[in-house]
Every structure is written in C-alpha cells, then in structure tokens.
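Text of final-v2.tsv, listed as TSV, C-alpha atoms and all ligand atoms:
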```tsv
chain	number	residue	atom	x	y	z
B	22	LYS	CA	-12.51	-241.88	206.34
B	23	GLU	CA	-15.04	-242.48	203.62
B	24	SER	CA	-12.76	-240.92	201.01
B	25	LYS	CA	-10.06	-243.52	201.65
B	26	ASP	CA	-12.57	-246.08	200.52
B	27	GLN	CA	-12.95	-244.55	197.14
B	28	LEU	CA	-11.14	-245.09	193.93
B	29	VAL	CA	-11.58	-243.73	190.49
B	30	ILE	CA	-12.78	-246.59	188.35
B	31	ASP	CA	-11.26	-245.77	185.02
B	32	ALA	CA	-9.95	-242.98	182.90
B	33	GLY	CA	-13.05	-242.89	180.75
B	34	GLN	CA	-15.22	-242.03	183.68
B	35	LYS	CA	-12.80	-239.73	185.46
B	36	HIS	CA	-14.40	-236.74	183.83
B	37	PHE	CA	-17.70	-237.46	185.45
B	38	GLY	CA	-16.13	-238.03	188.85
B	39	ALA	CA	-17.53	-241.54	189.11
B	40	THR	CA	-16.06	-243.41	192.01
B	41	MET	CA	-16.60	-246.89	193.31
B	42	CYS	CA	-16.70	-247.55	197.03
B	43	LYS	CA	-14.12	-250.21	197.86
B	44	SER	CA	-16.28	-251.69	200.59
B	45	CYS	CA	-19.84	-251.73	199.24
B	46	GLY	CA	-19.07	-251.54	195.51
B	47	MET	CA	-21.51	-248.74	194.79
B	48	ILE	CA	-20.59	-246.52	191.85
B	49	TYR	CA	-21.59	-242.91	192.33
B	50	ALA	CA	-20.57	-239.32	191.73
B	51	ALA	CA	-18.66	-238.19	194.81
B	52	SER	CA	-19.05	-234.60	193.68
B	53	SER	CA	-22.81	-234.77	194.04
B	54	PRO	CA	-24.14	-234.37	197.59
B	55	GLU	CA	-27.26	-236.25	196.62
B	56	ASP	CA	-25.28	-239.21	195.33
B	57	GLU	CA	-23.04	-239.05	198.36
B	58	MET	CA	-26.06	-239.26	200.65
B	59	GLN	CA	-27.52	-242.18	198.72
B	60	HIS	CA	-24.19	-243.90	199.02
B	61	VAL	CA	-24.00	-243.49	202.78
B	62	GLN	CA	-27.46	-245.01	203.09
B	63	HIS	CA	-26.71	-247.89	200.74
B	64	HIS	CA	-23.29	-248.49	202.33
B	65	HIS	CA	-24.60	-249.24	205.81
B	66	ARG	CA	-27.62	-251.21	204.73
B	67	PHE	CA	-25.62	-253.30	202.31
B	68	LEU	CA	-22.74	-254.12	204.64
B	69	GLU	CA	-25.18	-254.99	207.42
B	70	GLY	CA	-27.12	-257.20	204.99
B	71	ILE	CA	-24.15	-259.25	203.84
B	72	LYS	CA	-22.56	-259.59	207.27
B	73	TYR	CA	-22.43	-263.24	208.30
B	74	VAL	CA	-21.85	-263.95	211.96
B	75	GLY	CA	-21.86	-267.74	211.70
B	76	TRP	CA	-24.58	-270.09	212.86
B	77	LYS	CA	-24.58	-272.83	215.44
B	78	LYS	CA	-26.15	-275.19	212.94
B	79	GLU	CA	-25.01	-274.43	209.44
B	80	ARG	CA	-25.13	-276.79	206.48
B	81	VAL	CA	-21.74	-276.42	204.81
B	82	VAL	CA	-22.00	-278.12	201.40
B	83	ALA	CA	-18.65	-277.04	199.92
B	84	GLU	CA	-15.40	-275.58	201.19
B	85	PHE	CA	-12.74	-273.64	199.31
B	86	TRP	CA	-9.52	-271.79	199.97
B	87	ASP	CA	-11.38	-268.48	199.88
B	88	GLY	CA	-14.68	-269.36	201.50
B	89	LYS	CA	-17.48	-271.87	201.82
B	90	ILE	CA	-20.99	-272.54	200.56
B	91	VAL	CA	-23.83	-272.88	203.04
B	92	LEU	CA	-27.23	-274.32	202.07
B	93	VAL	CA	-30.38	-272.92	203.67
B	94	LEU	CA	-33.67	-274.85	203.50
B	95	PRO	CA	-37.23	-273.61	204.17
B	96	ARG	CA	-37.50	-275.25	207.60
B	97	ASP	CA	-34.23	-273.91	208.94
B	98	PRO	CA	-34.08	-271.72	212.06
B	99	SER	CA	-35.48	-268.23	211.67
B	100	TYR	CA	-32.06	-266.56	211.96
B	101	ALA	CA	-30.97	-268.38	208.81
B	102	LEU	CA	-34.18	-267.59	206.94
B	103	ARG	CA	-33.95	-263.95	207.98
B	104	LYS	CA	-30.43	-263.70	206.54
B	105	VAL	CA	-31.65	-265.21	203.28
B	106	GLU	CA	-34.48	-262.68	203.15
B	107	ASP	CA	-32.09	-259.79	203.78
B	108	VAL	CA	-29.69	-260.93	201.08
B	109	GLN	CA	-32.51	-261.55	198.61
B	110	GLU	CA	-33.81	-258.06	199.20
B	111	LEU	CA	-30.39	-256.56	198.40
B	112	VAL	CA	-30.11	-258.72	195.31
B	113	ASP	CA	-33.61	-257.88	194.04
B	114	ASN	CA	-32.90	-254.25	194.68
B	115	GLU	CA	-29.75	-254.40	192.58
B	116	LEU	CA	-31.45	-256.36	189.81
B	117	GLY	CA	-34.52	-254.15	189.88
B	118	PHE	CA	-36.68	-257.25	190.30
B	119	GLN	CA	-40.10	-257.09	191.81
B	120	GLN	CA	-40.68	-259.19	194.87
B	121	VAL	CA	-41.19	-262.50	193.10
B	122	VAL	CA	-43.43	-264.96	194.86
B	123	SER	CA	-41.95	-268.41	194.70
B	124	GLN	CA	-43.95	-271.16	193.01
B	125	CYS	CA	-43.23	-273.63	195.78
B	126	PRO	CA	-41.59	-271.89	198.73
B	127	ASP	CA	-41.29	-275.13	200.69
B	128	LYS	CA	-38.95	-276.53	198.05
B	129	THR	CA	-36.66	-273.57	197.61
B	130	LYS	CA	-32.96	-274.14	198.14
B	131	THR	CA	-30.72	-271.18	198.83
B	132	PHE	CA	-26.95	-271.40	198.54
B	133	LEU	CA	-24.85	-268.68	200.13
B	134	PHE	CA	-21.18	-268.23	199.37
B	135	ILE	CA	-19.49	-267.01	202.55
B	136	SER	CA	-16.12	-265.32	202.14
B	137	ASP	CA	-13.20	-265.50	204.51
B	138	GLU	CA	-14.13	-262.02	205.66
B	139	LYS	CA	-17.42	-263.47	206.94
B	140	ARG	CA	-19.58	-261.88	204.32
B	141	VAL	CA	-22.24	-263.28	202.04
B	142	VAL	CA	-20.61	-262.57	198.68
B	143	GLY	CA	-22.71	-264.89	196.52
B	144	CYS	CA	-26.25	-266.16	196.49
B	145	LEU	CA	-28.11	-268.71	194.37
B	146	ILE	CA	-31.81	-269.44	194.78
B	147	ALA	CA	-33.16	-272.56	193.10
B	148	GLU	CA	-36.44	-274.41	192.94
B	149	PRO	CA	-37.80	-277.47	191.18
B	150	ILE	CA	-39.37	-276.90	187.76
B	151	LYS	CA	-40.82	-279.20	185.14
B	152	GLN	CA	-40.08	-277.38	181.94
B	153	ALA	CA	-38.14	-274.50	180.46
B	154	PHE	CA	-37.91	-272.59	177.20
B	155	ARG	CA	-34.69	-272.47	175.27
B	156	VAL	CA	-33.37	-268.99	174.55
B	157	LEU	CA	-33.08	-268.73	170.79
B	158	SER	CA	-29.55	-268.29	169.56
B	159	GLU	CA	-28.29	-264.82	168.98
B	160	PRO	CA	-25.74	-264.08	166.27
B	161	THR	CA	-23.00	-265.01	168.75
B	162	GLY	CA	-24.45	-268.48	169.04
B	163	ALA	CA	-25.30	-267.93	172.68
B	164	GLU	CA	-27.84	-270.35	174.06
B	165	SER	CA	-29.34	-270.86	177.46
B	166	LEU	CA	-32.60	-271.72	179.10
B	167	SER	CA	-35.20	-269.51	180.62
B	168	SER	CA	-37.75	-270.96	182.99
B	169	LYS	CA	-40.22	-268.15	182.42
B	170	GLU	CA	-41.91	-266.96	179.31
B	171	CYS	CA	-39.29	-264.43	178.49
B	172	PRO	CA	-40.26	-261.04	179.86
B	173	ARG	CA	-36.86	-259.61	178.93
B	174	ALA	CA	-35.45	-258.94	175.53
B	175	TRP	CA	-34.39	-262.48	174.72
B	176	GLN	CA	-36.35	-264.46	172.19
B	177	CYS	CA	-37.44	-267.81	173.52
B	178	SER	CA	-38.68	-270.84	171.73
B	179	ASN	CA	-42.31	-271.61	172.55
B	180	VAL	CA	-41.61	-275.30	172.63
B	181	PRO	CA	-40.96	-276.33	176.22
B	182	VAL	CA	-38.19	-278.78	177.06
B	183	PRO	CA	-38.09	-280.81	180.26
B	184	ALA	CA	-35.95	-279.41	183.06
B	185	VAL	CA	-35.49	-280.21	186.71
B	186	CYS	CA	-34.10	-277.21	188.48
B	187	GLY	CA	-34.71	-273.51	187.93
B	188	ILE	CA	-32.25	-270.87	189.07
B	189	SER	CA	-34.44	-267.95	190.00
B	190	ARG	CA	-31.57	-265.79	191.26
B	191	ILE	CA	-27.83	-265.83	190.98
B	192	TRP	CA	-25.80	-262.96	192.28
B	193	VAL	CA	-22.20	-262.25	193.25
B	194	PHE	CA	-21.04	-259.16	195.17
B	195	ARG	CA	-19.72	-256.66	192.65
B	196	LEU	CA	-16.21	-256.59	194.13
B	197	LYS	CA	-15.91	-260.39	194.03
B	198	ARG	CA	-16.97	-261.05	190.46
B	199	ARG	CA	-14.94	-263.07	187.94
B	200	LYS	CA	-13.45	-265.24	190.68
B	201	ARG	CA	-15.56	-268.25	189.75
B	202	ILE	CA	-17.92	-267.81	192.66
B	203	ALA	CA	-21.03	-268.14	190.47
B	204	ARG	CA	-19.53	-271.18	188.78
B	205	ARG	CA	-18.86	-272.83	192.12
B	206	LEU	CA	-22.40	-272.03	193.30
B	207	VAL	CA	-23.92	-273.71	190.23
B	208	ASP	CA	-21.57	-276.72	190.50
B	209	THR	CA	-22.62	-277.13	194.12
B	210	LEU	CA	-26.29	-276.77	193.23
B	211	ARG	CA	-26.01	-279.50	190.58
B	212	ASN	CA	-24.43	-281.74	193.17
B	213	CYS	CA	-26.91	-281.03	195.99
B	214	PHE	CA	-30.25	-280.36	194.33
B	215	MET	CA	-31.31	-283.98	194.03
B	216	PHE	CA	-29.90	-286.53	196.38
B	217	GLY	CA	-27.53	-288.97	194.77
B	218	CYS	CA	-27.21	-287.45	191.32
B	219	PHE	CA	-25.29	-284.73	189.57
B	220	LEU	CA	-27.62	-282.67	187.35
B	221	SER	CA	-26.54	-282.08	183.76
B	222	THR	CA	-26.54	-278.55	182.39
B	223	ASP	CA	-29.63	-279.52	180.33
B	224	GLU	CA	-31.54	-280.10	183.52
B	225	ILE	CA	-31.00	-276.62	184.94
B	226	ALA	CA	-32.55	-273.41	183.65
B	227	PHE	CA	-31.83	-269.76	184.36
B	228	SER	CA	-35.04	-267.77	184.71
B	229	ASP	CA	-35.32	-264.33	183.22
B	230	PRO	CA	-31.57	-263.80	182.79
B	231	THR	CA	-30.00	-260.35	182.86
B	232	PRO	CA	-27.20	-259.58	180.36
B	233	ASP	CA	-24.62	-260.59	183.01
B	234	GLY	CA	-26.61	-263.69	183.80
B	235	LYS	CA	-26.82	-264.63	180.17
B	236	LEU	CA	-23.09	-264.21	179.58
B	237	PHE	CA	-22.37	-266.34	182.58
B	238	ALA	CA	-24.97	-269.01	181.70
B	239	THR	CA	-23.73	-269.28	178.14
B	240	LYS	CA	-20.15	-269.71	179.26
B	241	TYR	CA	-21.07	-272.09	182.06
B	242	CYS	CA	-23.24	-274.35	179.94
B	243	ASN	CA	-20.65	-274.64	177.19
B	244	THR	CA	-17.73	-275.66	179.35
K	301	LIG	N1	-19.20	-260.81	181.09
K	301	LIG	C1	-18.64	-261.77	180.32
K	301	LIG	N2	-18.44	-263.05	180.76
K	301	LIG	C2	-18.83	-263.35	182.00
K	301	LIG	C3	-19.42	-262.38	182.86
K	301	LIG	C4	-19.61	-261.07	182.35
K	301	LIG	N3	-20.16	-260.09	183.09
K	301	LIG	N4	-19.68	-262.96	184.05
K	301	LIG	C5	-19.29	-264.24	183.94
K	301	LIG	N5	-18.78	-264.49	182.71
K	301	LIG	C6	-18.27	-265.77	182.18
K	301	LIG	C7	-16.77	-265.73	182.09
K	301	LIG	O1	-16.37	-266.49	180.99
K	301	LIG	C8	-16.34	-266.37	183.36
K	301	LIG	O2	-15.09	-267.02	183.30
K	301	LIG	P1	-13.70	-266.16	183.28
K	301	LIG	O3	-13.79	-265.13	184.38
K	301	LIG	O4	-12.67	-267.20	183.53
K	301	LIG	O5	-13.64	-265.55	181.91
K	301	LIG	C9	-17.40	-267.41	183.60
K	301	LIG	O6	-18.60	-266.84	183.08
K	301	LIG	C10	-17.55	-267.78	185.07
K	301	LIG	O7	-17.81	-266.59	185.80
K	301	LIG	P2	-17.80	-266.50	187.39
K	301	LIG	O8	-16.54	-265.86	187.86
K	301	LIG	O9	-18.14	-267.81	187.97
K	301	LIG	O10	-19.03	-265.48	187.57
K	301	LIG	P3	-19.20	-264.39	188.72
K	301	LIG	O11	-18.85	-265.00	190.03
K	301	LIG	O12	-18.50	-263.16	188.34
K	301	LIG	O13	-20.79	-264.15	188.71
K	301	LIG	C11	-22.84	-263.17	187.90
K	301	LIG	C12	-21.55	-263.94	187.54
K	301	LIG	C13	-23.60	-263.91	188.98
K	301	LIG	C14	-23.75	-263.09	186.66
K	301	LIG	C15	-22.43	-261.77	188.38
K	301	LIG	O14	-21.91	-261.04	187.30
K	301	LIG	C16	-23.56	-260.95	188.99
K	301	LIG	O15	-23.90	-261.12	190.16
K	301	LIG	N6	-24.15	-260.02	188.22
K	301	LIG	C17	-25.22	-259.14	188.71
K	301	LIG	C18	-26.44	-259.91	189.05
K	301	LIG	C19	-27.02	-260.63	187.86
K	301	LIG	O16	-27.21	-260.05	186.80
K	301	LIG	N7	-27.30	-261.92	188.05
K	301	LIG	C20	-27.91	-262.76	187.04
K	301	LIG	C21	-29.38	-262.56	187.11
K	301	LIG	S1	-30.25	-263.72	186.13
K	301	LIG	C22	-30.83	-264.83	187.26
K	301	LIG	O17	-30.69	-264.61	188.41
K	301	LIG	C23	-31.51	-266.07	186.82
K	302	ZN	ZN	-19.83	-247.81	200.21
```
Go ahead and render the structure in this file as structure tokens.
Ligand code: ACO
Ligand code: ZN
Amino acid sequence: KESKDQLVIDAGQKHFGATMCKSCGMIYAASSPEDEMQHVQHHHRFLEGIKYVGWKKERVVAEFWDGKIVLVLPRDPSYALRKVEDVQELVDNELGFQQVVSQCPDKTKTFLFISDEKRVVGCLIAEPIKQAFRVLSEPTGAESLSSKECPRAWQCSNVPVPAVCGISRIWVFRLKRRKRIARRLVDTLRNCFMFGCFLSTDEIAFSDPTPDGKLFATKYCNT
C-alpha cells in the first residue's frame, strides 16, 4: 500500500531512487531500509500531528474555497493549545529549530490554515515586538526584516527600526506550497493582530528567516 503513495520526484534524482511520499511529503530513498523505516515513523507521527478533528469553539478568522484560517489564543481550551503544540513541534523539527521560548507567551497568536481534508496545512505564530533589524540587501535587491540579531547567514543592519508584530514561525505543508497559503496567513495576521487596524508590511518582521522564508518575505513585502 505504501508504494502506491510514492512517486519519483524528478529525473535528476531518479538515479538516487529519491521518492516523495504523496501523503506526508517526506523525501527519502525507498531503496534504503533505514530510510524506509524513518519514513514509516515520520509518516504516522506527521499525519497524526496535522489531523484536525474540528473544535466546538473555534475562532474562524478567514474562509476560502479551499480551507479556512483558525486563530488560537493563549487562554483557549487545552485541546486547541495541544494541537498548536503538536504542530509547532513538527514545524520546528522540519526547520531544525531549537525549542524557542517565547518572549511573551500570553500574547502569542497562532493562525492555523485548515484544509478541506481537515488537516492543518499551514501555521503562523506571531507575537508583539517593538523593534526589528532590516536585512541588508543582497545583490538581488532582496530586503526583509528580522526580529532577532541575525543568527543565520543574512547580514542585518544594526540600526533598529520600529515594528509591531514579529512572525516567529511560518510554515506550509510541503505538498501544499505555492498555493498562496502563506500569503493568506500573513494577510489574515495583518488584519487580526491589532483590533481595528490593518498592519502595513513595515510593521511586521520575519524572525530568523530560512531561505524559503526569505524568498517568500521578499516577494510578499514587495507586492
Ligand atoms: N521560492 C521562490 N519564491 C517563493 C517561494 C520559494 N520557495 N515560496 C514562496 N515564494 C514567493 C512566490 O513568489 C510566491 O508567489 P507565486 O507562487 O505566485 O510565485 C509568493 O512568495 C507567495 O507564496 P505562497 O504560495 O503564499 O507561499 P507558500 O504557501 O508556498 O509558503 C513558506 C511559503 C511558508 C516559506 C513555505 O515554503 C514553507 O513552509 N517552507 C518551509 C518552512 C520555512 O522555511 N518557513 C519559513 C521559516 S522563517 C520564519 O518562520 C520566520
Ligand atoms: Zn509518508
């Protein structure tokens, strides 16, 4: 059954037998028993983690043809907070992030994009910040903000600029990328972060962006 779920990702990788699981999105070498075993473990944990059964009290903040966005706040029922924890663990795992302790956990806002298939396919975690550091332009002219001091490769200005909202995590399920899910999460955040106003792109900052995160942020902030 498992093999039906597999597909060869592209000709370039065919030689190495790299396959991507159509359900959990993991890329692995099906020819390697070790990889296969890791996949089976990841597969079940991941699909369990992103399963969304629906909550009696859910805060739907946006609805689309292909899903909806639910906002979870720190004082929500424990079943909601537990789901957020599970999803965050999967995301941190994928990003290779350490467990990051939030600066102000009672002000964290978590947005989950729920697909029609009742799965959490996108997640955005945001918290209030006071300042950010602009990522210095690369030859491409890319520019975005980082709310931390720049532990990754990007060069940041050491002159802080005021900001309002820091995005500490943004993640979209591998098989659902490039469908504007991240864009819709950030649009919704800008609309819901502070009551009664729509935040400008200058007021939001992406902390410690990955290469994917930076490409997205650059595109998002320029359009
Ligand atoms: N490469 C080039 N351009 C990109 C990429 C990319 N990987 N991702 C997004 N963009 C640009 C595109 O221009 C895109 O528009 P288009 O598809 O019409 O060309 C535009 O951004 C909007 O993209 P979305 O479809 O809204 O983005 P998506 O839903 O695919 O999610 C995300 C982007 C969240 C970065 C996703 O790739 C992901 O989860 N990556 C792994 C996790 C990660 O690295 N997250 C960022 C960590 S940094 C942080 O959390 C602060
Ligand atoms: Zn799988």
Just want the residues within 10 Å of ligand ZN 302 (chain K), written as a PDB file with C-alpha atoms, in the frame of the given file, counting all atoms listed in the file.
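Saved the output as result01.pdb:
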```pdb
ATOM      1  CA  GLU B  23     -15.040-242.480 203.620  1.00  0.00           C
ATOM      2  CA  SER B  24     -12.760-240.920 201.010  1.00  0.00           C
ATOM      3  CA  ASP B  26     -12.570-246.080 200.520  1.00  0.00           C
ATOM      4  CA  GLN B  27     -12.950-244.550 197.140  1.00  0.00           C
ATOM      5  CA  MET B  41     -16.600-246.890 193.310  1.00  0.00           C
ATOM      6  CA  CYS B  42     -16.700-247.550 197.030  1.00  0.00           C
ATOM      7  CA  LYS B  43     -14.120-250.210 197.860  1.00  0.00           C
ATOM      8  CA  SER B  44     -16.280-251.690 200.590  1.00  0.00           C
ATOM      9  CA  CYS B  45     -19.840-251.730 199.240  1.00  0.00           C
ATOM     10  CA  GLY B  46     -19.070-251.540 195.510  1.00  0.00           C
ATOM     11  CA  MET B  47     -21.510-248.740 194.790  1.00  0.00           C
ATOM     12  CA  ILE B  48     -20.590-246.520 191.850  1.00  0.00           C
ATOM     13  CA  TYR B  49     -21.590-242.910 192.330  1.00  0.00           C
ATOM     14  CA  GLU B  57     -23.040-239.050 198.360  1.00  0.00           C
ATOM     15  CA  GLN B  59     -27.520-242.180 198.720  1.00  0.00           C
ATOM     16  CA  HIS B  60     -24.190-243.900 199.020  1.00  0.00           C
ATOM     17  CA  VAL B  61     -24.000-243.490 202.780  1.00  0.00           C
ATOM     18  CA  GLN B  62     -27.460-245.010 203.090  1.00  0.00           C
ATOM     19  CA  HIS B  63     -26.710-247.890 200.740  1.00  0.00           C
ATOM     20  CA  HIS B  64     -23.290-248.490 202.330  1.00  0.00           C
ATOM     21  CA  HIS B  65     -24.600-249.240 205.810  1.00  0.00           C
ATOM     22  CA  ARG B  66     -27.620-251.210 204.730  1.00  0.00           C
ATOM     23  CA  PHE B  67     -25.620-253.300 202.310  1.00  0.00           C
ATOM     24  CA  LEU B  68     -22.740-254.120 204.640  1.00  0.00           C
TER      25      LEU B  68
END
```
Margin query: Report as an MDAnalysis selection string all protein, DNA and RNA residues lying within 12 Å of range 213-218 of chain B, evaluated on all atoms listed in the file, omitting residues in the same chain fewer than 4 positions from it.
Written below: chainID B and resid 80:83 90:94 128:132 145:150 185:188 206:209 224:225
7 Å from ligand LIG 301 (chain K) is the threshold here; counting only C-alpha atoms and all ligand atoms, which polymer residues fall inside it? Answer as a PDB file with C-alpha atoms, in the frame of the given file.
```pdb
ATOM      1  CA  LEU B 116     -31.450-256.360 189.810  1.00  0.00           C
ATOM      2  CA  ILE B 188     -32.250-270.870 189.070  1.00  0.00           C
ATOM      3  CA  SER B 189     -34.440-267.950 190.000  1.00  0.00           C
ATOM      4  CA  ARG B 190     -31.570-265.790 191.260  1.00  0.00           C
ATOM      5  CA  ILE B 191     -27.830-265.830 190.980  1.00  0.00           C
ATOM      6  CA  TRP B 192     -25.800-262.960 192.280  1.00  0.00           C
ATOM      7  CA  VAL B 193     -22.200-262.250 193.250  1.00  0.00           C
ATOM      8  CA  PHE B 194     -21.040-259.160 195.170  1.00  0.00           C
ATOM      9  CA  ARG B 195     -19.720-256.660 192.650  1.00  0.00           C
ATOM     10  CA  LYS B 197     -15.910-260.390 194.030  1.00  0.00           C
ATOM     11  CA  ARG B 198     -16.970-261.050 190.460  1.00  0.00           C
ATOM     12  CA  ARG B 199     -14.940-263.070 187.940  1.00  0.00           C
ATOM     13  CA  LYS B 200     -13.450-265.240 190.680  1.00  0.00           C
ATOM     14  CA  ARG B 201     -15.560-268.250 189.750  1.00  0.00           C
ATOM     15  CA  ILE B 202     -17.920-267.810 192.660  1.00  0.00           C
ATOM     16  CA  ALA B 203     -21.030-268.140 190.470  1.00  0.00           C
ATOM     17  CA  ARG B 204     -19.530-271.180 188.780  1.00  0.00           C
ATOM     18  CA  ARG B 205     -18.860-272.830 192.120  1.00  0.00           C
ATOM     19  CA  PHE B 227     -31.830-269.760 184.360  1.00  0.00           C
ATOM     20  CA  SER B 228     -35.040-267.770 184.710  1.00  0.00           C
ATOM     21  CA  ASP B 229     -35.320-264.330 183.220  1.00  0.00           C
ATOM     22  CA  PRO B 230     -31.570-263.800 182.790  1.00  0.00           C
ATOM     23  CA  THR B 231     -30.000-260.350 182.860  1.00  0.00           C
ATOM     24  CA  PRO B 232     -27.200-259.580 180.360  1.00  0.00           C
ATOM     25  CA  ASP B 233     -24.620-260.590 183.010  1.00  0.00           C
ATOM     26  CA  GLY B 234     -26.610-263.690 183.800  1.00  0.00           C
ATOM     27  CA  LYS B 235     -26.820-264.630 180.170  1.00  0.00           C
ATOM     28  CA  LEU B 236     -23.090-264.210 179.580  1.00  0.00           C
ATOM     29  CA  PHE B 237     -22.370-266.340 182.580  1.00  0.00           C
ATOM     30  CA  ALA B 238     -24.970-269.010 181.700  1.00  0.00           C
ATOM     31  CA  LYS B 240     -20.150-269.710 179.260  1.00  0.00           C
ATOM     32  CA  TYR B 241     -21.070-272.090 182.060  1.00  0.00           C
TER      33      TYR B 241
END
```
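When all atoms listed in the file are used to compute distances to Ser178 in chain B, the closest of the residues B:Leu210, B:Leu166, B:Leu157, B:Leu196 turns out to be B:Leu157.
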Build an axis-aligned box that encloses every atom of range 105-121 of chain B listed in the file, pad it by 3 Å on each side, and report its centre and edge lengths in Å to one decimal, as lines of an AutoDock Vina configuration file.
```
center_x = -35.4
center_y = -259.7
center_z = 196.8
size_x = 17.5
size_y = 17.1
size_z = 20.0
```
